[in-house]
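S.K.: Encoded as structure tokens, here's the structure I'll be asking about.
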Amino acid sequence: MCYLNDIFEKAGHDISMDLSSPESSHMRLQFLRNADGSIRWIWPAHLKEPLFLKFYNIAGHRAKLFATIVRLIFLLGLQRLFFKTIKVSIQEDKKSIRPFSMHSDWALFMGTPGPNRKSIFYIHRKFNPVFLKVACTKEAKLLIENEHRAILELREKGILSFEFPKVIGRSNDMIQLGDVSEGGRRNPEFGEIHLNALKSFSDKTSGRSALHDLKIWNDAKTALHNLNKKDDSRIPKGMLLKLNTLMNSMDKSMSIVTSMSHGDFTPWNMYEKNGKLHVYDWEYTRKASPLGYDAFHFIMQHGILVNRKSWKEIYNEIREKLDAGIFSDLPANPEENTNLYLKLYLIINSIIYLDIYSRQKSWHVQIAWLLNTWNEALSDFCSASFSHRSLLVTDLFDFLVHRDYATLKFPDSSPGKLSISSDVDMCVKKSDAGKIIGFLKESGLVKRVQLEKRSFMATLQLTCIDGSLLNVDLIWKIKRKAMVIMDISAIIRNRRINKFGVKMADPTDESRYIALFYLLNKAPVPPKYSLGKEGLANSSHPLDQLLYESFDHPKEKREEVIKWLNRMEENRSIGKWKNRLYYLFDTLRTRWSRRGMMVTFSGVDGAGKSTVIENVKNILEKKYRRQVVVIRHRPSVLPILSAWTKGKEVAEKEAANTLPHQGKNTHLLSSLLRFGYYYADYLFGQFVVYVKYVLSGHIVLYDRYYFDFINDSRRSNLKLPGNIIKTGYALLLKPNLNFFLYAEAELISERKQELDKDTIRRLTKKYLDLFNRFNGDAGVRRYIPLENILLEETVERILNQILRSAA
């Protein structure tokens, strides 16, 4: 690292903090620090204007405000009040030649930390101000040499697209360059002047190369190989996976158009003057880079670092500004050209900077901004190789690389290989939860987000562009109803990192969580978590001993565990009442947050209702995390009729063993009384079902409904005209969706041999006619006949309807 005296020594000045020398050799310097306390800019205290602003990119409101305040301070001569001052001793050999005098007007930028660090002096002169770059590392020295060669080559080629600095002096560690910014202004938005300059530059330096012969590609390939071997936990593992996938997928023999590139073509490396761009910092110049490299770099860097745009917004800007510009003359359509060269840029640029950052000790926040956006862009180009869900999970864990969290019940494998039936549950800091939610909402892989917030957690259901689903639980307090059951800060503190970079809860913490979850919910621990018992066996924690014993004696140990939990600080005194209040608010919020609905399934026996309902229920519960209730035929607020004489248990057993259509009732009065009883159950029971389930967000699935009375009253041992029964439907709450499942009579007979084929055809026609009539005046209600031949297709169509209605 270059220290202050090293930098000045290379520039020909000997400075020291030793003030024992004569007063005449002393000099006051002022400086501003970075956020980490290191010196950023330094200048002589006699300076009358803030020359160090030459190093500052004044773009955006905050930057403009800062620059205005600094200029005002200098204008009023208040520097001593706002800037730190140090006194140094200067020893100068008057015979030696040096680039500038310490008593002249100058400012020093100490440089950006990292392997390529350079310190830069700006020396103000009336007619020929200059910049003096001083290399602090071997890598920086190579960059200075590269800039010198690049400027010479630009002059040799007669490049007129830009104005670029003159080389005034060159030595081993330094280069002195003319100032091309004088009288110019910043132009931060990519426009015609940039496009025309780059096209002209490209025309002068263009060529063609097979990808495998391109030096910048091969350098990136070598750097990626080295990154793969490094064990740097700061580098997102998913990002490396995507870079390897994309690099391997490219046709290495393809011929691509190349041109010379600036390498860091950004608004802060140029000024506009008299309709021409004045561009400096040519250190990263390449003789041959894929076409459009500089244009992509400008839009990407400015979009990320200045405008804080999402990848979606940046991509749209690239397409808008470059499709008909740089790539319009190439074969194939502009979109294909833009995407091909953009992919090459993303691969190469991401690897180059990851390599630089991996050799940098500390990372500033802007690195995280860049990596997150590049990573999302890479996901866009990887969608042919991975499912959107897999990419989203990978991106989520890459986003969390520099944050504290601990997963729960997460497999010890690569995030991208997470089973489609598994969710992501993680303990996080509450302050990070909002940032994670924002990241997931902004992801270009996500089409729809359903967010449910409670006082202790947030649940997200993410629907990807390709239709795949991902559920994410962000937990900042582990609770069961109104009781805190674990210390989440301890879980995060104890977490371990697996070889895929996932921060996982310690096995003992995870075993404790699993045991508490199932014990307090009075549910058996699933076999896949049975090893959790072993995780508690060797723990000396008193709660763990109770939980270990609860695997074999859940009822006996449950109350002991609850008593132990109630002694926790957060469950006592004020904490107890706060938890209860939060639980009340959470219950009320959850009850009204999700839209409940009623869905009915009708059809003759053998149409496949029960199988379809079972599949729909399982998917809604496991995949979409919806609460589902299945009701058989009627609300059943009133018991089976025979229960009044035989008792509920005997009556239900007989009903289960009795085949449909076997009732022998033929009397009108008996049928009217029986129907009146059933109708009363529907009339009053519908409100019970609506209040108890629909209002609290449940999806109620009816296996057969009132329509059976209308079309097939014999099934319920009734002998009444359908039109009379149909009249009663007017007073019932109308279900949101009604499905009538049917098939050819021959197929139904193969499934169930309870009805003859003529009866099946007759009943099917009655149902179809009824549903068609209801559809005529249904409003928002839907009566949908579905031919049930292929189960998966039927279930998918039903789910699509339910999810659309529930959205």
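In the structure tokens, chains take letters A, B, ... by order of appearance, with residues numbered from 1 within each chain and ligands from 1 in the order shown.
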Enumerate, as a PyMOL selection string, the complete set of residues in region 574-765 of chain A that a backbone-based DSSP assignment places in helix (DSSP H, G or I).
M.R.: chain A and resi 574-593+609-622+643-646+648-657+668-694+707-711+713-716+722-731+745-751+757-765
S.K.: Identify which of the residues A:Asp380, A:Glu189, A:Glu744, A:Asp105 lies closest to Trp268 (chain A), counting only C-alpha atoms when measuring atom-to-atom distances.
M.R.: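 Of A:Asp380, A:Glu189, A:Glu744, A:Asp105, the one nearest Trp268 (chain A), counting only C-alpha atoms, is A:Glu189.
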S.K.: Any idea what's packed within 12 Å of Glu559 (chain A), counting only C-alpha atoms, ignoring anything in its chain fewer than 4 positions away? Could you give it as a PDB file with all heavy atoms, in the first residue's frame?
M.R.:
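Saved to part.pdb:
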```pdb
ATOM      1  N   LEU A 516     -39.752 -28.357  18.929  1.00  0.00           N
ATOM      2  CA  LEU A 516     -40.710 -27.409  19.485  1.00  0.00           C
ATOM      3  C   LEU A 516     -41.905 -27.199  18.558  1.00  0.00           C
ATOM      4  O   LEU A 516     -43.059 -27.147  19.003  1.00  0.00           O
ATOM      5  CB  LEU A 516     -40.019 -26.062  19.737  1.00  0.00           C
ATOM      6  CG  LEU A 516     -39.130 -25.967  20.978  1.00  0.00           C
ATOM      7  CD1 LEU A 516     -38.283 -24.703  20.935  1.00  0.00           C
ATOM      8  CD2 LEU A 516     -39.979 -26.002  22.244  1.00  0.00           C
ATOM      9  N   LEU A 519     -44.114 -30.414  18.603  1.00  0.00           N
ATOM     10  CA  LEU A 519     -44.645 -30.696  19.932  1.00  0.00           C
ATOM     11  C   LEU A 519     -45.734 -29.709  20.311  1.00  0.00           C
ATOM     12  O   LEU A 519     -46.814 -30.100  20.785  1.00  0.00           O
ATOM     13  CB  LEU A 519     -43.509 -30.646  20.965  1.00  0.00           C
ATOM     14  CG  LEU A 519     -43.916 -30.902  22.416  1.00  0.00           C
ATOM     15  CD1 LEU A 519     -44.360 -32.358  22.602  1.00  0.00           C
ATOM     16  CD2 LEU A 519     -42.764 -30.571  23.367  1.00  0.00           C
ATOM     17  N   LEU A 520     -45.483 -28.408  20.097  1.00  0.00           N
ATOM     18  CA  LEU A 520     -46.447 -27.379  20.481  1.00  0.00           C
ATOM     19  C   LEU A 520     -47.686 -27.385  19.593  1.00  0.00           C
ATOM     20  O   LEU A 520     -48.744 -26.910  19.993  1.00  0.00           O
ATOM     21  CB  LEU A 520     -45.783 -25.999  20.465  1.00  0.00           C
ATOM     22  CG  LEU A 520     -44.643 -25.819  21.471  1.00  0.00           C
ATOM     23  CD1 LEU A 520     -44.004 -24.448  21.309  1.00  0.00           C
ATOM     24  CD2 LEU A 520     -45.141 -26.002  22.902  1.00  0.00           C
ATOM     25  N   LYS A 522     -48.941 -30.185  18.603  1.00  0.00           N
ATOM     26  CA  LYS A 522     -49.523 -31.506  18.893  1.00  0.00           C
ATOM     27  C   LYS A 522     -49.530 -32.403  17.652  1.00  0.00           C
ATOM     28  O   LYS A 522     -50.512 -33.089  17.356  1.00  0.00           O
ATOM     29  CB  LYS A 522     -50.954 -31.349  19.429  1.00  0.00           C
ATOM     30  CG  LYS A 522     -51.044 -30.560  20.710  1.00  0.00           C
ATOM     31  CD  LYS A 522     -52.479 -30.458  21.192  1.00  0.00           C
ATOM     32  CE  LYS A 522     -52.584 -29.638  22.466  1.00  0.00           C
ATOM     33  NZ  LYS A 522     -53.983 -29.494  22.944  1.00  0.00           N
ATOM     34  N   LEU A 546     -35.596 -32.036  27.806  1.00  0.00           N
ATOM     35  CA  LEU A 546     -37.050 -32.219  27.792  1.00  0.00           C
ATOM     36  C   LEU A 546     -37.546 -32.571  26.391  1.00  0.00           C
ATOM     37  O   LEU A 546     -38.399 -33.454  26.219  1.00  0.00           O
ATOM     38  CB  LEU A 546     -37.744 -30.941  28.272  1.00  0.00           C
ATOM     39  CG  LEU A 546     -37.737 -30.648  29.770  1.00  0.00           C
ATOM     40  CD1 LEU A 546     -38.322 -29.270  30.034  1.00  0.00           C
ATOM     41  CD2 LEU A 546     -38.523 -31.709  30.526  1.00  0.00           C
ATOM     42  N   LEU A 547     -37.020 -31.871  25.403  1.00  0.00           N
ATOM     43  CA  LEU A 547     -37.451 -32.108  24.027  1.00  0.00           C
ATOM     44  C   LEU A 547     -37.034 -33.492  23.546  1.00  0.00           C
ATOM     45  O   LEU A 547     -37.772 -34.156  22.810  1.00  0.00           O
ATOM     46  CB  LEU A 547     -36.867 -31.024  23.102  1.00  0.00           C
ATOM     47  CG  LEU A 547     -37.429 -29.610  23.315  1.00  0.00           C
ATOM     48  CD1 LEU A 547     -36.649 -28.595  22.487  1.00  0.00           C
ATOM     49  CD2 LEU A 547     -38.903 -29.557  22.941  1.00  0.00           C
ATOM     50  N   SER A 550     -39.442 -35.800  24.794  1.00  0.00           N
ATOM     51  CA  SER A 550     -40.779 -35.597  24.225  1.00  0.00           C
ATOM     52  C   SER A 550     -41.000 -36.388  22.934  1.00  0.00           C
ATOM     53  O   SER A 550     -42.147 -36.608  22.542  1.00  0.00           O
ATOM     54  CB  SER A 550     -41.005 -34.105  23.944  1.00  0.00           C
ATOM     55  OG  SER A 550     -40.274 -33.673  22.802  1.00  0.00           O
ATOM     56  N   HIS A 553     -42.480 -39.335  24.593  1.00  0.00           N
ATOM     57  CA  HIS A 553     -43.592 -39.062  25.516  1.00  0.00           C
ATOM     58  C   HIS A 553     -44.112 -37.639  25.292  1.00  0.00           C
ATOM     59  O   HIS A 553     -43.985 -36.773  26.172  1.00  0.00           O
ATOM     60  CB  HIS A 553     -43.125 -39.227  26.970  1.00  0.00           C
ATOM     61  CG  HIS A 553     -42.437 -40.525  27.232  1.00  0.00           C
ATOM     62  ND1 HIS A 553     -43.116 -41.730  27.321  1.00  0.00           N
ATOM     63  CD2 HIS A 553     -41.117 -40.813  27.411  1.00  0.00           C
ATOM     64  CE1 HIS A 553     -42.247 -42.705  27.561  1.00  0.00           C
ATOM     65  NE2 HIS A 553     -41.024 -42.172  27.613  1.00  0.00           N
ATOM     66  N   PRO A 554     -44.697 -37.377  24.130  1.00  0.00           N
ATOM     67  CA  PRO A 554     -45.101 -35.999  23.807  1.00  0.00           C
ATOM     68  C   PRO A 554     -46.131 -35.414  24.760  1.00  0.00           C
ATOM     69  O   PRO A 554     -46.015 -34.253  25.158  1.00  0.00           O
ATOM     70  CB  PRO A 554     -45.648 -36.120  22.378  1.00  0.00           C
ATOM     71  CG  PRO A 554     -45.959 -37.564  22.180  1.00  0.00           C
ATOM     72  CD  PRO A 554     -44.992 -38.312  23.031  1.00  0.00           C
ATOM     73  N   LYS A 555     -47.146 -36.171  25.127  1.00  0.00           N
ATOM     74  CA  LYS A 555     -48.206 -35.626  25.981  1.00  0.00           C
ATOM     75  C   LYS A 555     -47.676 -35.247  27.353  1.00  0.00           C
ATOM     76  O   LYS A 555     -47.994 -34.190  27.898  1.00  0.00           O
ATOM     77  CB  LYS A 555     -49.343 -36.643  26.118  1.00  0.00           C
ATOM     78  CG  LYS A 555     -50.162 -36.836  24.854  1.00  0.00           C
ATOM     79  CD  LYS A 555     -51.310 -37.803  25.077  1.00  0.00           C
ATOM     80  CE  LYS A 555     -52.118 -38.009  23.792  1.00  0.00           C
ATOM     81  NZ  LYS A 555     -53.208 -38.988  23.990  1.00  0.00           N
ATOM     82  N   LYS A 563     -44.048 -24.700  30.333  1.00  0.00           N
ATOM     83  CA  LYS A 563     -43.655 -24.015  31.569  1.00  0.00           C
ATOM     84  C   LYS A 563     -42.242 -23.455  31.450  1.00  0.00           C
ATOM     85  O   LYS A 563     -41.957 -22.334  31.900  1.00  0.00           O
ATOM     86  CB  LYS A 563     -43.723 -24.999  32.744  1.00  0.00           C
ATOM     87  CG  LYS A 563     -45.128 -25.321  33.199  1.00  0.00           C
ATOM     88  CD  LYS A 563     -45.105 -26.316  34.353  1.00  0.00           C
ATOM     89  CE  LYS A 563     -46.528 -26.698  34.764  1.00  0.00           C
ATOM     90  NZ  LYS A 563     -46.519 -27.709  35.855  1.00  0.00           N
ATOM     91  N   TRP A 564     -41.344 -24.220  30.856  1.00  0.00           N
ATOM     92  CA  TRP A 564     -39.960 -23.762  30.676  1.00  0.00           C
ATOM     93  C   TRP A 564     -39.922 -22.531  29.772  1.00  0.00           C
ATOM     94  O   TRP A 564     -39.235 -21.549  30.069  1.00  0.00           O
ATOM     95  CB  TRP A 564     -39.121 -24.888  30.081  1.00  0.00           C
ATOM     96  CG  TRP A 564     -37.647 -24.654  30.220  1.00  0.00           C
ATOM     97  CD1 TRP A 564     -36.824 -25.162  31.161  1.00  0.00           C
ATOM     98  CD2 TRP A 564     -36.832 -23.818  29.371  1.00  0.00           C
ATOM     99  NE1 TRP A 564     -35.541 -24.704  30.977  1.00  0.00           N
ATOM    100  CE2 TRP A 564     -35.515 -23.873  29.890  1.00  0.00           C
ATOM    101  CE3 TRP A 564     -37.073 -23.025  28.265  1.00  0.00           C
ATOM    102  CZ2 TRP A 564     -34.462 -23.188  29.308  1.00  0.00           C
ATOM    103  CZ3 TRP A 564     -36.025 -22.322  27.686  1.00  0.00           C
ATOM    104  CH2 TRP A 564     -34.736 -22.409  28.205  1.00  0.00           C
ATOM    105  N   LEU A 565     -40.694 -22.568  28.680  1.00  0.00           N
ATOM    106  CA  LEU A 565     -40.714 -21.447  27.736  1.00  0.00           C
ATOM    107  C   LEU A 565     -41.299 -20.188  28.379  1.00  0.00           C
ATOM    108  O   LEU A 565     -40.857 -19.072  28.091  1.00  0.00           O
ATOM    109  CB  LEU A 565     -41.522 -21.821  26.490  1.00  0.00           C
ATOM    110  CG  LEU A 565     -40.924 -22.909  25.594  1.00  0.00           C
ATOM    111  CD1 LEU A 565     -41.914 -23.315  24.518  1.00  0.00           C
ATOM    112  CD2 LEU A 565     -39.617 -22.445  24.956  1.00  0.00           C
ATOM    113  N   ASN A 566     -42.275 -20.373  29.229  1.00  0.00           N
ATOM    114  CA  ASN A 566     -42.889 -19.215  29.887  1.00  0.00           C
ATOM    115  C   ASN A 566     -41.931 -18.493  30.836  1.00  0.00           C
ATOM    116  O   ASN A 566     -42.179 -17.349  31.234  1.00  0.00           O
ATOM    117  CB  ASN A 566     -44.139 -19.648  30.658  1.00  0.00           C
ATOM    118  CG  ASN A 566     -45.326 -19.818  29.728  1.00  0.00           C
ATOM    119  OD1 ASN A 566     -45.448 -19.102  28.750  1.00  0.00           O
ATOM    120  ND2 ASN A 566     -46.183 -20.768  30.018  1.00  0.00           N
TER     121      ASN A 566
END
```
S.K.: Can you work out which one of A:Ile159, A:Phe190, A:Met239, A:Lys622 has the shortest atom-to-atom distance to Ile318 (chain A), counting only C-alpha atoms?
M.R.: A:Phe190
S.K.: Compare A:Val88, A:Cys464, A:Ile235, A:Phe162 by their minimum atom-to-atom distance to Phe397 (chain A), counting only C-alpha atoms, and give me the closest one.
M.R.: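 Of the candidates, the smallest distance to Phe397 (chain A) is held by A:Ile235.
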S.K.: Could you pull out the strand (DSSP E or B) residues of region 190-418 of chain A, going by DSSP on the backbone, and write them as JSON, numbers by chain?
M.R.: {"A": [207, 208, 209, 210, 255, 256, 257, 258, 259, 260, 261, 270, 271, 272, 273, 276, 277, 278, 279, 286, 287, 288, 289, 290, 405, 406, 407, 408]}
S.K.: Excluding Tyr293 (chain A) and its own-chain neighbours fewer than 4 positions away, which residues fall within 8 Å of it when counting only C-alpha atoms? Please give them as a PDB file with C-alpha atoms, in the first residue's frame.
M.R.:
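Contents of around.pdb, freshly written:
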```
ATOM      1  CA  SER A 261     -12.402  -0.471 -26.380  1.00  0.00           C
ATOM      2  CA  GLY A 263     -12.630  -0.446 -21.075  1.00  0.00           C
ATOM      3  CA  SER A 289     -13.178  -6.389 -27.467  1.00  0.00           C
ATOM      4  CA  HIS A 297     -20.454  -0.471 -19.935  1.00  0.00           C
ATOM      5  CA  TYR A 341     -22.887  -9.053 -27.622  1.00  0.00           C
ATOM      6  CA  LEU A 342     -24.521  -8.057 -24.343  1.00  0.00           C
ATOM      7  CA  TYR A 345     -19.956  -8.199 -22.291  1.00  0.00           C
TER       8      TYR A 345
END
```
S.K.: So that I can check the surroundings of region 783-791 of chain A, please list as a JSON list (two decimals) with N, CA and C atoms, in the first residue's frame every protein, DNA and RNA residue that reaches within 8 Å of it, counting only C-alpha atoms and ignoring chain neighbours fewer than 2 positions away.
M.R.:
```
[["chain", "number", "residue", "atom", "x", "y", "z"],
["A", 607, "ALA", "N", -67.14, -40.21, -12.21],
["A", 607, "ALA", "CA", -66.58, -39.12, -13.04],
["A", 607, "ALA", "C", -65.21, -38.69, -12.55],
["A", 608, "GLY", "N", -64.80, -39.12, -11.35],
["A", 608, "GLY", "CA", -63.45, -38.82, -10.86],
["A", 608, "GLY", "C", -63.37, -37.65, -9.90],
["A", 612, "VAL", "N", -59.89, -35.99, -8.19],
["A", 612, "VAL", "CA", -59.54, -34.62, -8.59],
["A", 612, "VAL", "C", -59.47, -33.71, -7.36],
["A", 737, "LEU", "N", -66.87, -20.80, -7.87],
["A", 737, "LEU", "CA", -66.62, -21.65, -9.04],
["A", 737, "LEU", "C", -67.36, -22.97, -8.87],
["A", 738, "ASN", "N", -67.90, -23.47, -9.96],
["A", 738, "ASN", "CA", -68.61, -24.75, -9.95],
["A", 738, "ASN", "C", -68.13, -25.58, -11.13],
["A", 739, "PHE", "N", -67.59, -26.74, -10.84],
["A", 739, "PHE", "CA", -67.06, -27.62, -11.89],
["A", 739, "PHE", "C", -67.95, -28.86, -12.01],
["A", 740, "PHE", "N", -68.34, -29.16, -13.24],
["A", 740, "PHE", "CA", -69.04, -30.42, -13.50],
["A", 740, "PHE", "C", -68.08, -31.31, -14.29],
["A", 741, "LEU", "N", -67.69, -32.41, -13.69],
["A", 741, "LEU", "CA", -66.76, -33.35, -14.32],
["A", 741, "LEU", "C", -67.55, -34.44, -15.02],
["A", 742, "TYR", "N", -67.20, -34.69, -16.27],
["A", 742, "TYR", "CA", -67.91, -35.73, -17.03],
["A", 742, "TYR", "C", -66.94, -36.45, -17.95],
["A", 743, "ALA", "N", -67.40, -37.55, -18.51],
["A", 743, "ALA", "CA", -66.62, -38.33, -19.48],
["A", 743, "ALA", "C", -67.60, -39.22, -20.23],
["A", 768, "LEU", "N", -75.19, -30.78, -17.82],
["A", 768, "LEU", "CA", -74.69, -29.84, -18.84],
["A", 768, "LEU", "C", -75.74, -28.77, -19.13],
["A", 771, "PHE", "N", -75.90, -26.34, -16.08],
["A", 771, "PHE", "CA", -74.74, -25.43, -16.01],
["A", 771, "PHE", "C", -74.82, -24.38, -17.11],
["A", 772, "ASN", "N", -75.28, -24.77, -18.28],
["A", 772, "ASN", "CA", -75.41, -23.79, -19.37],
["A", 772, "ASN", "C", -76.45, -22.73, -19.04],
["A", 774, "PHE", "N", -77.40, -21.79, -15.96],
["A", 774, "PHE", "CA", -76.85, -20.94, -14.89],
["A", 774, "PHE", "C", -75.81, -19.97, -15.42],
["A", 775, "ASN", "N", -75.04, -20.38, -16.41],
["A", 775, "ASN", "CA", -74.01, -19.49, -16.96],
["A", 775, "ASN", "C", -74.62, -18.28, -17.63],
["A", 778, "ALA", "N", -75.07, -15.79, -14.61],
["A", 778, "ALA", "CA", -74.22, -16.05, -13.45],
["A", 778, "ALA", "C", -73.42, -14.83, -12.98],
["A", 781, "ARG", "N", -70.00, -15.35, -11.25],
["A", 781, "ARG", "CA", -69.92, -16.77, -10.89],
["A", 781, "ARG", "C", -69.64, -17.58, -12.14],
["A", 793, "GLU", "N", -54.27, -32.86, -16.60],
["A", 793, "GLU", "CA", -54.80, -31.74, -17.38],
["A", 793, "GLU", "C", -56.02, -31.14, -16.68],
["A", 794, "THR", "N", -56.88, -31.99, -16.16],
["A", 794, "THR", "CA", -58.07, -31.52, -15.45],
["A", 794, "THR", "C", -57.69, -30.71, -14.22],
["A", 795, "VAL", "N", -56.76, -31.26, -13.42],
["A", 795, "VAL", "CA", -56.32, -30.57, -12.21],
["A", 795, "VAL", "C", -55.69, -29.22, -12.54]]
```
S.K.: Env of region 496-510 of chain A: 8 Å cut, atoms = only C-alpha atoms, seq-sep filter 4 positions within chain, self excluded. Answer as a list in words.
M.R.: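 Answer for this query is Ser233, Pro236, Lys237, Phe397, Val401, Tyr405, Ala406, Thr407, Leu408, Lys409, Phe410, Asp412, Ser413, Ser414, Pro415, Ile491, Ile492, Ile514, Gly532, Gly535, Leu536 and Ser539 of chain A.
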S.K.: Put those residues in a file: C-alpha atoms, as a compact mmCIF listing (two decimals), in the first residue's frame.
M.R.:
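Contents of the output file result.txt:
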```txt
# COMPACT_ATOMS: atom_id res chain seq x y z
CA SER A 233 -16.89 -16.47 0.80
CA PRO A 236 -21.56 -15.32 -4.73
CA LYS A 237 -21.39 -19.04 -5.52
CA PHE A 397 -28.72 -16.64 -1.60
CA VAL A 401 -23.82 -13.33 0.84
CA TYR A 405 -29.14 -15.12 8.36
CA ALA A 406 -29.67 -18.81 9.12
CA THR A 407 -31.83 -21.21 7.13
CA LEU A 408 -34.15 -23.67 8.83
CA LYS A 409 -34.85 -27.18 7.48
CA PHE A 410 -32.79 -26.38 4.38
CA ASP A 412 -27.22 -29.32 2.65
CA SER A 413 -26.93 -28.81 -1.10
CA SER A 414 -26.69 -26.15 -3.76
CA PRO A 415 -29.59 -23.63 -3.46
CA ILE A 491 -29.60 -18.99 15.96
CA ILE A 492 -28.06 -16.48 13.55
CA ILE A 514 -38.24 -28.93 14.79
CA GLY A 532 -33.57 -34.30 14.91
CA GLY A 535 -29.28 -33.65 17.46
CA LEU A 536 -30.60 -33.08 21.00
CA SER A 539 -26.93 -31.23 24.37
```
S.K.: Which residue gives the smallest distance to Val616 (chain A) among A:Ile631, A:Ile798, A:Val689, A:Ile144, with only C-alpha atoms counted?
M.R.: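 The shortest atom-to-atom distance to Val616 (chain A) comes from A:Ile798.
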S.K.: With only C-alpha atoms as the basis for distance, which of A:Phe83, A:Met483, A:Asn196, A:Lys287 is at the shortest distance from Arg567 (chain A)?
M.R.: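 Result for the nearest residue to Arg567 (chain A): A:Met483.
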S.K.: For a test of reading the model, state the distance in Å between CA of Gly575 (chain A) and CA of Tyr548 (chain A), rounded to one decimal.
M.R.: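 It comes out at 27.6 Å.
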